[in-house]
Amino acid sequence: MAELEDPNVMQNLITFLSCLIQKVAESNDVNAGVEPQKISVFHGLTRPTISIQTYLHRIYKYANCSPSCFVVAYVYLDRFAQRQPSLPLDSFNVHRLLITSVMVAAKFMDDMYYNNAYYAKVGGISTAEMNFLEMDFLFGLGFHLNVNPKTFHNYYSYLQREMMVALQPPPPPPTAPESSMSGGLARSAATLRLHLCFNDEESATSHPKEQLAV
């Protein structure tokens with residue numbers, strides 16, 4: 001994708017992707033007391049003080065990986081969530097999952113990449129922890145790392161469409177009788193976009209899947 005080489009496009013993509021992931025994490029935070037979840041090496045004892053957007057922009061600035069790695073990392077996060085439903089992405093594990101997914105994507109996609117010690121510094125964790133996170137992430141994915149061109153295009157096109165919707169000016173407020181119904185439809189549409197994603201290449205059907213296990 002040549003457009004990913006444009007810094008402005010990447011800045012917008014990183015910003016939107018971080019907002020999308022934050023919505024998922026916040027939604028799963030709310031559901032934490034309802035649905036059974038397990039604690040993993042990705043969980044911190046407290047929520048990190050750095051925001052998801054700032055953290056992802058920091059990774060983009062210092063990781064020096066190819067822009068495509070961030071789309072592939074998004075694919076990996078989706079696969080991880082689908083394979084590990086008892087480990088949904090939330091505010092306590094999202095930062096570690098982000099740095100790990102980008103590092104694994106860079107190792108798989110790029111001819112040249114930094115070692116775990118460097119990514120540990122970028123992510124603000126120790127090298128030993130980075131090593132554990134990588135191993136758990138790979139097993140969580142079932143070592144399913146290949147992303148074919150069709151899958152990459154589907155995920156990237158999804159992000160492009162959602163970015164264009166997000167960047168459009170808001171419509172004028174509805175009239176009073178329509179307000180209640182329109183608001184409900186708008187909330188439903190937003191939820192649908194958050195939940196649904198394109199199938200991966202190995203899927204046997206053409207139905208959309210849950211995205212990031214909200």
# chains A, B, ... in the order shown; residues from 1 in each chain; ligands from 1
call {"tool": "select_by_dssp", "arguments": {"residues": "region 84-119 of chain A", "states": "alpha helix (DSSP H)", "output": "PyMOL selection string"}}
result
chain A and resi 94-109+116-119
call {"tool": "residues_around", "arguments": {"residues": "region 94-111 of chain A", "least_positions_apart": "5", "cutoff": "8 Å", "atoms": "only C-alpha atoms", "output": "list of chain:residue names"}}
result
A:Ala25, A:Phe42, A:His43, A:Pro48, A:Ile52, A:Tyr55, A:Leu56, A:Ile59, A:Cys65, A:Ser66, A:Cys69, A:Phe70, A:Val72, A:Ala73, A:Tyr74, A:Tyr76, A:Leu77, A:Leu89, A:Asn116, A:Tyr119, A:Gly123, A:Met130, A:Leu133, A:Glu134, A:Phe137, A:Leu145
call {"tool": "closest_residue", "arguments": {"among": "A:Lys121, A:Arg83, A:Arg161, A:Lys150", "to": "Leu138 (chain A)", "atoms": "only C-alpha atoms"}}
result
A:Arg83
call {"tool": "residues_around", "arguments": {"residues": "Phe80 (chain A)", "least_positions_apart": "5", "cutoff": "9 Å", "atoms": "only C-alpha atoms", "output": "list in words"}}
result
Val75, Pro85, Leu87, Pro88, Phe137, Leu138, Gly140, Leu141, Gly142 and Leu212 of chain A
call {"tool": "write_last_selection", "arguments": {"atoms": "all heavy atoms", "output": "PDB file, in the first residue's frame"}}
result
ATOM      1  N   VAL A  75      -4.263  -6.958  12.693  1.00  0.00           N
ATOM      2  CA  VAL A  75      -4.747  -8.297  12.352  1.00  0.00           C
ATOM      3  C   VAL A  75      -4.399  -9.278  13.470  1.00  0.00           C
ATOM      4  O   VAL A  75      -5.231 -10.089  13.895  1.00  0.00           O
ATOM      5  CB  VAL A  75      -4.147  -8.790  11.019  1.00  0.00           C
ATOM      6  CG1 VAL A  75      -4.604 -10.222  10.714  1.00  0.00           C
ATOM      7  CG2 VAL A  75      -4.535  -7.863   9.874  1.00  0.00           C
ATOM      8  N   PRO A  85     -10.716 -15.879  23.989  1.00  0.00           N
ATOM      9  CA  PRO A  85     -11.896 -15.115  24.420  1.00  0.00           C
ATOM     10  C   PRO A  85     -11.916 -14.800  25.911  1.00  0.00           C
ATOM     11  O   PRO A  85     -12.590 -13.853  26.333  1.00  0.00           O
ATOM     12  CB  PRO A  85     -13.069 -16.036  24.040  1.00  0.00           C
ATOM     13  CG  PRO A  85     -12.470 -17.405  23.950  1.00  0.00           C
ATOM     14  CD  PRO A  85     -11.076 -17.212  23.456  1.00  0.00           C
ATOM     15  N   LEU A  87      -9.421 -13.725  27.486  1.00  0.00           N
ATOM     16  CA  LEU A  87      -8.389 -12.711  27.702  1.00  0.00           C
ATOM     17  C   LEU A  87      -8.667 -11.513  26.804  1.00  0.00           C
ATOM     18  O   LEU A  87      -7.913 -11.212  25.887  1.00  0.00           O
ATOM     19  CB  LEU A  87      -7.000 -13.294  27.404  1.00  0.00           C
ATOM     20  CG  LEU A  87      -5.779 -12.416  27.687  1.00  0.00           C
ATOM     21  CD1 LEU A  87      -5.756 -11.978  29.148  1.00  0.00           C
ATOM     22  CD2 LEU A  87      -4.512 -13.159  27.331  1.00  0.00           C
ATOM     23  N   PRO A  88      -9.786 -10.813  27.029  1.00  0.00           N
ATOM     24  CA  PRO A  88     -10.127  -9.674  26.174  1.00  0.00           C
ATOM     25  C   PRO A  88      -9.172  -8.494  26.403  1.00  0.00           C
ATOM     26  O   PRO A  88      -8.592  -8.339  27.475  1.00  0.00           O
ATOM     27  CB  PRO A  88     -11.544  -9.311  26.612  1.00  0.00           C
ATOM     28  CG  PRO A  88     -11.620  -9.782  28.029  1.00  0.00           C
ATOM     29  CD  PRO A  88     -10.783 -11.022  28.094  1.00  0.00           C
ATOM     30  N   PHE A 137       2.395 -14.354  23.340  1.00  0.00           N
ATOM     31  CA  PHE A 137       1.622 -13.841  22.213  1.00  0.00           C
ATOM     32  C   PHE A 137       1.653 -14.829  21.049  1.00  0.00           C
ATOM     33  O   PHE A 137       0.626 -15.099  20.415  1.00  0.00           O
ATOM     34  CB  PHE A 137       2.183 -12.490  21.782  1.00  0.00           C
ATOM     35  CG  PHE A 137       1.303 -11.738  20.821  1.00  0.00           C
ATOM     36  CD1 PHE A 137       0.116 -11.173  21.250  1.00  0.00           C
ATOM     37  CD2 PHE A 137       1.668 -11.580  19.488  1.00  0.00           C
ATOM     38  CE1 PHE A 137      -0.709 -10.463  20.370  1.00  0.00           C
ATOM     39  CE2 PHE A 137       0.857 -10.882  18.604  1.00  0.00           C
ATOM     40  CZ  PHE A 137      -0.328 -10.322  19.045  1.00  0.00           C
ATOM     41  N   LEU A 138       2.822 -15.389  20.779  1.00  0.00           N
ATOM     42  CA  LEU A 138       2.944 -16.358  19.686  1.00  0.00           C
ATOM     43  C   LEU A 138       2.098 -17.604  19.944  1.00  0.00           C
ATOM     44  O   LEU A 138       1.411 -18.098  19.047  1.00  0.00           O
ATOM     45  CB  LEU A 138       4.413 -16.735  19.490  1.00  0.00           C
ATOM     46  CG  LEU A 138       5.313 -15.644  18.909  1.00  0.00           C
ATOM     47  CD1 LEU A 138       6.775 -16.072  18.956  1.00  0.00           C
ATOM     48  CD2 LEU A 138       4.908 -15.316  17.476  1.00  0.00           C
ATOM     49  N   GLY A 140      -0.463 -17.675  21.920  1.00  0.00           N
ATOM     50  CA  GLY A 140      -1.854 -17.231  21.882  1.00  0.00           C
ATOM     51  C   GLY A 140      -2.398 -17.156  20.466  1.00  0.00           C
ATOM     52  O   GLY A 140      -3.589 -17.367  20.235  1.00  0.00           O
ATOM     53  N   LEU A 141      -1.523 -16.838  19.520  1.00  0.00           N
ATOM     54  CA  LEU A 141      -1.901 -16.805  18.109  1.00  0.00           C
ATOM     55  C   LEU A 141      -1.872 -18.183  17.465  1.00  0.00           C
ATOM     56  O   LEU A 141      -2.300 -18.338  16.315  1.00  0.00           O
ATOM     57  CB  LEU A 141      -0.952 -15.894  17.321  1.00  0.00           C
ATOM     58  CG  LEU A 141      -1.082 -14.379  17.523  1.00  0.00           C
ATOM     59  CD1 LEU A 141       0.038 -13.665  16.780  1.00  0.00           C
ATOM     60  CD2 LEU A 141      -2.431 -13.882  17.043  1.00  0.00           C
ATOM     61  N   GLY A 142      -1.355 -19.165  18.189  1.00  0.00           N
ATOM     62  CA  GLY A 142      -1.151 -20.468  17.574  1.00  0.00           C
ATOM     63  C   GLY A 142      -0.102 -20.400  16.479  1.00  0.00           C
ATOM     64  O   GLY A 142      -0.126 -21.198  15.543  1.00  0.00           O
ATOM     65  N   LEU A 212     -11.825  -7.908  17.912  1.00  0.00           N
ATOM     66  CA  LEU A 212     -11.153  -7.634  19.166  1.00  0.00           C
ATOM     67  C   LEU A 212     -11.965  -8.011  20.394  1.00  0.00           C
ATOM     68  O   LEU A 212     -11.816  -7.442  21.458  1.00  0.00           O
ATOM     69  CB  LEU A 212     -10.754  -6.151  19.253  1.00  0.00           C
ATOM     70  CG  LEU A 212      -9.689  -5.717  18.245  1.00  0.00           C
ATOM     71  CD1 LEU A 212      -9.356  -4.242  18.439  1.00  0.00           C
ATOM     72  CD2 LEU A 212      -8.419  -6.532  18.353  1.00  0.00           C
TER      73      LEU A 212
END
call {"tool": "closest_residue", "arguments": {"among": "A:Asn146, A:Gln160, A:Ser126, A:Ser91", "to": "Leu45 (chain A)", "atoms": "only C-alpha atoms"}}
result
A:Ser91
call {"tool": "atom_distance", "arguments": {"atom1": "CA of Ser68 (chain A)", "atom2": "CA of Val9 (chain A)"}}
result
11.9 Å
call {"tool": "closest_residue", "arguments": {"among": "A:Ile50, A:Val122, A:Ala128, A:Met112", "to": "Phe92 (chain A)", "atoms": "only C-alpha atoms"}}
result
A:Ile50
call {"tool": "residues_around", "arguments": {"residues": "Leu159 (chain A)", "least_positions_apart": "2", "cutoff": "8 Å", "atoms": "only C-alpha atoms", "output": "PyMOL selection string"}}
result
chain A and resi 13+16-17+155-157+161-163
call {"tool": "write_last_selection", "arguments": {"atoms": "all heavy atoms", "output": "PDB file, in the first residue's frame"}}
result
ATOM      1  N   LEU A  13      -3.901   7.217  10.555  1.00  0.00           N
ATOM      2  CA  LEU A  13      -4.213   5.815  10.813  1.00  0.00           C
ATOM      3  C   LEU A  13      -3.878   5.433  12.250  1.00  0.00           C
ATOM      4  O   LEU A  13      -4.659   4.759  12.922  1.00  0.00           O
ATOM      5  CB  LEU A  13      -3.455   4.915   9.835  1.00  0.00           C
ATOM      6  CG  LEU A  13      -3.789   3.417   9.908  1.00  0.00           C
ATOM      7  CD1 LEU A  13      -3.785   2.801   8.505  1.00  0.00           C
ATOM      8  CD2 LEU A  13      -2.797   2.665  10.782  1.00  0.00           C
ATOM      9  N   PHE A  16      -6.491   7.029  14.561  1.00  0.00           N
ATOM     10  CA  PHE A  16      -7.783   6.348  14.523  1.00  0.00           C
ATOM     11  C   PHE A  16      -7.697   4.961  15.145  1.00  0.00           C
ATOM     12  O   PHE A  16      -8.586   4.545  15.877  1.00  0.00           O
ATOM     13  CB  PHE A  16      -8.293   6.241  13.085  1.00  0.00           C
ATOM     14  CG  PHE A  16      -9.570   5.455  12.996  1.00  0.00           C
ATOM     15  CD1 PHE A  16     -10.780   6.029  13.363  1.00  0.00           C
ATOM     16  CD2 PHE A  16      -9.570   4.131  12.598  1.00  0.00           C
ATOM     17  CE1 PHE A  16     -11.957   5.306  13.323  1.00  0.00           C
ATOM     18  CE2 PHE A  16     -10.738   3.401  12.548  1.00  0.00           C
ATOM     19  CZ  PHE A  16     -11.942   3.991  12.912  1.00  0.00           C
ATOM     20  N   LEU A  17      -6.617   4.227  14.830  1.00  0.00           N
ATOM     21  CA  LEU A  17      -6.467   2.874  15.373  1.00  0.00           C
ATOM     22  C   LEU A  17      -6.411   2.908  16.893  1.00  0.00           C
ATOM     23  O   LEU A  17      -6.999   2.064  17.566  1.00  0.00           O
ATOM     24  CB  LEU A  17      -5.205   2.224  14.808  1.00  0.00           C
ATOM     25  CG  LEU A  17      -4.959   0.754  15.161  1.00  0.00           C
ATOM     26  CD1 LEU A  17      -6.139  -0.111  14.752  1.00  0.00           C
ATOM     27  CD2 LEU A  17      -3.685   0.255  14.496  1.00  0.00           C
ATOM     28  N   TYR A 155      -8.546  -5.592   6.061  1.00  0.00           N
ATOM     29  CA  TYR A 155      -8.368  -4.862   7.324  1.00  0.00           C
ATOM     30  C   TYR A 155      -8.024  -3.395   7.064  1.00  0.00           C
ATOM     31  O   TYR A 155      -8.545  -2.503   7.745  1.00  0.00           O
ATOM     32  CB  TYR A 155      -7.283  -5.525   8.169  1.00  0.00           C
ATOM     33  CG  TYR A 155      -7.762  -6.696   8.989  1.00  0.00           C
ATOM     34  CD1 TYR A 155      -7.949  -7.950   8.409  1.00  0.00           C
ATOM     35  CD2 TYR A 155      -8.046  -6.554  10.343  1.00  0.00           C
ATOM     36  CE1 TYR A 155      -8.394  -9.027   9.150  1.00  0.00           C
ATOM     37  CE2 TYR A 155      -8.493  -7.621  11.097  1.00  0.00           C
ATOM     38  CZ  TYR A 155      -8.672  -8.864  10.496  1.00  0.00           C
ATOM     39  OH  TYR A 155      -9.114  -9.918  11.242  1.00  0.00           O
ATOM     40  N   TYR A 156      -7.153  -3.156   6.096  1.00  0.00           N
ATOM     41  CA  TYR A 156      -6.761  -1.777   5.813  1.00  0.00           C
ATOM     42  C   TYR A 156      -7.931  -0.982   5.236  1.00  0.00           C
ATOM     43  O   TYR A 156      -8.149   0.180   5.600  1.00  0.00           O
ATOM     44  CB  TYR A 156      -5.573  -1.745   4.853  1.00  0.00           C
ATOM     45  CG  TYR A 156      -5.119  -0.336   4.529  1.00  0.00           C
ATOM     46  CD1 TYR A 156      -4.793   0.562   5.544  1.00  0.00           C
ATOM     47  CD2 TYR A 156      -5.035   0.101   3.203  1.00  0.00           C
ATOM     48  CE1 TYR A 156      -4.390   1.855   5.257  1.00  0.00           C
ATOM     49  CE2 TYR A 156      -4.631   1.385   2.908  1.00  0.00           C
ATOM     50  CZ  TYR A 156      -4.313   2.258   3.936  1.00  0.00           C
ATOM     51  OH  TYR A 156      -3.920   3.537   3.655  1.00  0.00           O
ATOM     52  N   SER A 157      -8.711  -1.609   4.346  1.00  0.00           N
ATOM     53  CA  SER A 157      -9.876  -0.933   3.768  1.00  0.00           C
ATOM     54  C   SER A 157     -10.893  -0.598   4.845  1.00  0.00           C
ATOM     55  O   SER A 157     -11.530   0.465   4.814  1.00  0.00           O
ATOM     56  CB  SER A 157     -10.518  -1.818   2.691  1.00  0.00           C
ATOM     57  OG  SER A 157      -9.627  -2.017   1.611  1.00  0.00           O
ATOM     58  N   ARG A 161     -12.163   3.203   5.596  1.00  0.00           N
ATOM     59  CA  ARG A 161     -13.566   3.618   5.581  1.00  0.00           C
ATOM     60  C   ARG A 161     -13.972   4.243   6.905  1.00  0.00           C
ATOM     61  O   ARG A 161     -14.653   5.265   6.944  1.00  0.00           O
ATOM     62  CB  ARG A 161     -14.470   2.423   5.278  1.00  0.00           C
ATOM     63  CG  ARG A 161     -14.418   1.946   3.841  1.00  0.00           C
ATOM     64  CD  ARG A 161     -15.612   1.056   3.521  1.00  0.00           C
ATOM     65  NE  ARG A 161     -15.679  -0.094   4.412  1.00  0.00           N
ATOM     66  CZ  ARG A 161     -15.066  -1.246   4.185  1.00  0.00           C
ATOM     67  NH1 ARG A 161     -14.303  -1.388   3.118  1.00  0.00           N
ATOM     68  NH2 ARG A 161     -15.188  -2.256   5.023  1.00  0.00           N
ATOM     69  N   GLU A 162     -13.548   3.628   7.995  1.00  0.00           N
ATOM     70  CA  GLU A 162     -13.916   4.158   9.308  1.00  0.00           C
ATOM     71  C   GLU A 162     -13.257   5.508   9.574  1.00  0.00           C
ATOM     72  O   GLU A 162     -13.850   6.376  10.211  1.00  0.00           O
ATOM     73  CB  GLU A 162     -13.531   3.153  10.394  1.00  0.00           C
ATOM     74  CG  GLU A 162     -14.333   1.858  10.349  1.00  0.00           C
ATOM     75  CD  GLU A 162     -15.827   2.126  10.434  1.00  0.00           C
ATOM     76  OE1 GLU A 162     -16.259   2.825  11.370  1.00  0.00           O
ATOM     77  OE2 GLU A 162     -16.553   1.658   9.556  1.00  0.00           O
ATOM     78  N   MET A 163     -12.033   5.686   9.079  1.00  0.00           N
ATOM     79  CA  MET A 163     -11.370   6.976   9.233  1.00  0.00           C
ATOM     80  C   MET A 163     -12.121   8.058   8.474  1.00  0.00           C
ATOM     81  O   MET A 163     -12.293   9.175   8.961  1.00  0.00           O
ATOM     82  CB  MET A 163      -9.917   6.898   8.739  1.00  0.00           C
ATOM     83  CG  MET A 163      -8.959   6.292   9.731  1.00  0.00           C
ATOM     84  SD  MET A 163      -7.226   6.558   9.267  1.00  0.00           S
ATOM     85  CE  MET A 163      -7.128   5.560   7.783  1.00  0.00           C
TER      86      MET A 163
END
call {"tool": "atom_distance", "arguments": {"atom1": "CA of Asn64 (chain A)", "atom2": "CA of Glu129 (chain A)"}}
result
21.1 Å
call {"tool": "closest_residue", "arguments": {"among": "A:His57, A:His153, A:Arg79, A:His144", "to": "Ser18 (chain A)", "atoms": "only C-alpha atoms"}}
result
A:His57
